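Undergrad: File follows, query25.csv with CSV, C-alpha atoms:
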chain,number,residue,atom,x,y,z
A,7,MET,CA,0.0,0.0,0.0
A,8,ALA,CA,2.8,2.4,0.7
A,9,ASP,CA,4.1,1.8,-2.8
A,10,LEU,CA,1.0,3.5,-4.3
A,11,LEU,CA,1.7,6.7,-2.4
A,12,ALA,CA,5.3,6.9,-3.5
A,13,TYR,CA,4.4,6.6,-7.3
A,14,GLU,CA,6.4,8.9,-9.5
A,15,PRO,CA,5.7,8.9,-13.3
A,16,GLU,CA,8.5,8.2,-15.8
A,17,PRO,CA,10.0,11.5,-17.0
A,18,THR,CA,9.0,12.3,-20.6
A,19,PRO,CA,11.9,12.5,-23.0
A,20,GLU,CA,12.9,15.9,-24.3
A,21,PRO,CA,11.7,16.6,-27.9
A,22,ASP,CA,14.4,16.9,-30.6
A,23,ARG,CA,15.1,20.6,-31.1
A,24,THR,CA,17.9,20.2,-33.5
A,25,PRO,CA,17.7,22.9,-36.2
A,26,ARG,CA,16.8,21.6,-39.6
A,27,ASP,CA,17.5,23.1,-43.1
A,28,ASN,CA,14.7,25.2,-44.5
A,29,ARG,CA,14.7,25.2,-48.3
A,30,ILE,CA,12.7,28.5,-48.3
A,31,VAL,CA,15.0,30.4,-46.0
A,32,ASN,CA,18.1,29.0,-47.7
A,33,ALA,CA,17.0,29.9,-51.2
A,34,PRO,CA,18.5,33.1,-52.6
A,35,ALA,CA,16.0,36.0,-53.2
A,36,THR,CA,16.8,36.8,-56.8
A,37,PRO,CA,14.8,39.3,-58.9
A,38,ALA,CA,13.8,36.4,-61.2
A,39,ALA,CA,12.5,34.3,-58.4
A,40,CYS,CA,10.6,37.2,-56.8
A,41,ALA,CA,9.0,38.0,-60.2
A,42,ALA,CA,8.0,34.4,-60.7
A,43,ASP,CA,6.4,34.3,-57.2
A,44,TYR,CA,4.6,37.6,-57.8
A,45,ALA,CA,3.3,36.4,-61.2
A,46,GLY,CA,2.2,33.1,-59.8
A,47,ALA,CA,0.1,34.8,-57.1
A,48,ALA,CA,-1.9,37.1,-59.5
A,49,ARG,CA,-5.0,35.0,-59.3
A,50,VAL,CA,-4.9,34.9,-55.5
A,51,ARG,CA,-4.5,38.7,-55.3
A,52,ALA,CA,-7.4,39.2,-57.7
A,53,GLU,CA,-9.6,36.9,-55.7
A,54,LEU,CA,-8.6,38.6,-52.4
A,55,ASP,CA,-9.4,42.0,-54.0
A,56,LYS,CA,-12.8,40.8,-55.1
A,57,GLN,CA,-13.6,39.5,-51.6
A,58,GLN,CA,-12.5,42.7,-49.9
A,59,ARG,CA,-14.6,44.8,-52.3
A,60,ARG,CA,-17.7,42.7,-51.4
A,61,ALA,CA,-17.0,43.1,-47.6
A,62,ARG,CA,-17.1,46.9,-47.8
Represent the structure contained in this file as structure tokens.
TA:
Amino acid sequence: MADLLAYEPEPTPEPDRTPRDNRIVNAPATPAACAADYAGAARVRAELDKQQRRAR
């Protein structure tokens, strides 16, 4: 009975906090890459603009 009162749970292991490579952060920000990203998001910007105009 005394063993039940002295119960201590097992310690939980620490999570792995090792830094990992991030391909987005490591990619160079070139004018060509930025232009491609901007052009690729034109449809999204247009849809957002349409939604914002309806909300006014």
Undergrad: Expressed in Å to a single decimal, how great is the separation between CA of Thr36 (chain A) and CA of Ala48 (chain A)?
TA: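 About the pair CA of Thr36 (chain A) and CA of Ala48 (chain A): they are 18.9 Å apart.
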Undergrad: Please measure the separation of CA of Ile30 (chain A) and CA of Arg51 (chain A), giving the value in Å to one decimal.
TA: 21.2 Å
Undergrad: Please, what distance in Å, to one decimal, runs between CA of Arg49 (chain A) and CA of Arg62 (chain A)?
TA: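 Atom-to-atom, CA of Arg49 (chain A) and CA of Arg62 (chain A) are spaced 20.5 Å apart.
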Undergrad: Where atoms are absent from region 13-29 of chain A, fill them in so it carries N, CA, C and O atoms, then output it as a PDB file, in the coordinates of the input.
TA:
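Just written: part28.pdb:
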ATOM      1  N   TYR A  13       4.343   6.711  -5.814  1.00  0.00           N
ATOM      2  CA  TYR A  13       4.400   6.600  -7.300  1.00  0.00           C
ATOM      3  C   TYR A  13       4.947   7.890  -7.882  1.00  0.00           C
ATOM      4  O   TYR A  13       4.482   8.983  -7.564  1.00  0.00           O
ATOM      5  N   GLU A  14       5.926   7.741  -8.746  1.00  0.00           N
ATOM      6  CA  GLU A  14       6.400   8.900  -9.500  1.00  0.00           C
ATOM      7  C   GLU A  14       6.414   8.473 -10.981  1.00  0.00           C
ATOM      8  O   GLU A  14       7.002   7.461 -11.354  1.00  0.00           O
ATOM      9  N   PRO A  15       5.757   9.253 -11.841  1.00  0.00           N
ATOM     10  CA  PRO A  15       5.700   8.900 -13.300  1.00  0.00           C
ATOM     11  C   PRO A  15       7.067   8.955 -13.920  1.00  0.00           C
ATOM     12  O   PRO A  15       7.963   9.671 -13.460  1.00  0.00           O
ATOM     13  N   GLU A  16       7.210   8.200 -14.992  1.00  0.00           N
ATOM     14  CA  GLU A  16       8.500   8.200 -15.800  1.00  0.00           C
ATOM     15  C   GLU A  16       8.624   9.620 -16.391  1.00  0.00           C
ATOM     16  O   GLU A  16       7.659  10.206 -16.866  1.00  0.00           O
ATOM     17  N   PRO A  17       9.833  10.157 -16.367  1.00  0.00           N
ATOM     18  CA  PRO A  17      10.000  11.500 -17.000  1.00  0.00           C
ATOM     19  C   PRO A  17       9.836  11.345 -18.526  1.00  0.00           C
ATOM     20  O   PRO A  17      10.220  10.349 -19.139  1.00  0.00           O
ATOM     21  N   THR A  18       9.228  12.344 -19.106  1.00  0.00           N
ATOM     22  CA  THR A  18       9.000  12.300 -20.600  1.00  0.00           C
ATOM     23  C   THR A  18      10.321  12.773 -21.236  1.00  0.00           C
ATOM     24  O   THR A  18      11.000  13.688 -20.762  1.00  0.00           O
ATOM     25  N   PRO A  19      10.674  12.132 -22.340  1.00  0.00           N
ATOM     26  CA  PRO A  19      11.900  12.500 -23.000  1.00  0.00           C
ATOM     27  C   PRO A  19      11.779  13.902 -23.660  1.00  0.00           C
ATOM     28  O   PRO A  19      10.698  14.328 -24.063  1.00  0.00           O
ATOM     29  N   GLU A  20      12.877  14.605 -23.717  1.00  0.00           N
ATOM     30  CA  GLU A  20      12.900  15.900 -24.300  1.00  0.00           C
ATOM     31  C   GLU A  20      12.685  15.781 -25.853  1.00  0.00           C
ATOM     32  O   GLU A  20      13.243  14.883 -26.480  1.00  0.00           O
ATOM     33  N   PRO A  21      11.902  16.672 -26.453  1.00  0.00           N
ATOM     34  CA  PRO A  21      11.700  16.600 -27.900  1.00  0.00           C
ATOM     35  C   PRO A  21      13.025  17.015 -28.625  1.00  0.00           C
ATOM     36  O   PRO A  21      13.844  17.755 -28.075  1.00  0.00           O
ATOM     37  N   ASP A  22      13.185  16.527 -29.828  1.00  0.00           N
ATOM     38  CA  ASP A  22      14.400  16.900 -30.600  1.00  0.00           C
ATOM     39  C   ASP A  22      14.238  18.281 -31.139  1.00  0.00           C
ATOM     40  O   ASP A  22      13.350  18.602 -31.915  1.00  0.00           O
ATOM     41  N   ARG A  23      15.109  19.158 -30.671  1.00  0.00           N
ATOM     42  CA  ARG A  23      15.100  20.600 -31.100  1.00  0.00           C
ATOM     43  C   ARG A  23      16.250  20.929 -31.970  1.00  0.00           C
ATOM     44  O   ARG A  23      16.638  22.091 -32.045  1.00  0.00           O
ATOM     45  N   THR A  24      16.767  19.938 -32.656  1.00  0.00           N
ATOM     46  CA  THR A  24      17.900  20.200 -33.500  1.00  0.00           C
ATOM     47  C   THR A  24      17.421  21.021 -34.733  1.00  0.00           C
ATOM     48  O   THR A  24      16.423  20.695 -35.370  1.00  0.00           O
ATOM     49  N   PRO A  25      18.120  22.123 -35.032  1.00  0.00           N
ATOM     50  CA  PRO A  25      17.700  22.900 -36.200  1.00  0.00           C
ATOM     51  C   PRO A  25      17.801  22.127 -37.474  1.00  0.00           C
ATOM     52  O   PRO A  25      18.701  21.314 -37.664  1.00  0.00           O
ATOM     53  N   ARG A  26      16.848  22.336 -38.354  1.00  0.00           N
ATOM     54  CA  ARG A  26      16.800  21.600 -39.600  1.00  0.00           C
ATOM     55  C   ARG A  26      16.934  22.656 -40.768  1.00  0.00           C
ATOM     56  O   ARG A  26      16.544  23.806 -40.612  1.00  0.00           O
ATOM     57  N   ASP A  27      17.445  22.193 -41.884  1.00  0.00           N
ATOM     58  CA  ASP A  27      17.500  23.100 -43.100  1.00  0.00           C
ATOM     59  C   ASP A  27      16.140  23.437 -43.521  1.00  0.00           C
ATOM     60  O   ASP A  27      15.223  22.634 -43.496  1.00  0.00           O
ATOM     61  N   ASN A  28      15.988  24.675 -43.961  1.00  0.00           N
ATOM     62  CA  ASN A  28      14.700  25.200 -44.500  1.00  0.00           C
ATOM     63  C   ASN A  28      14.973  25.628 -45.899  1.00  0.00           C
ATOM     64  O   ASN A  28      15.688  26.600 -46.126  1.00  0.00           O
ATOM     65  N   ARG A  29      14.389  24.932 -46.879  1.00  0.00           N
ATOM     66  CA  ARG A  29      14.700  25.200 -48.300  1.00  0.00           C
ATOM     67  C   ARG A  29      14.189  26.630 -48.659  1.00  0.00           C
ATOM     68  O   ARG A  29      14.746  27.267 -49.545  1.00  0.00           O
TER      69      ARG A  29
END
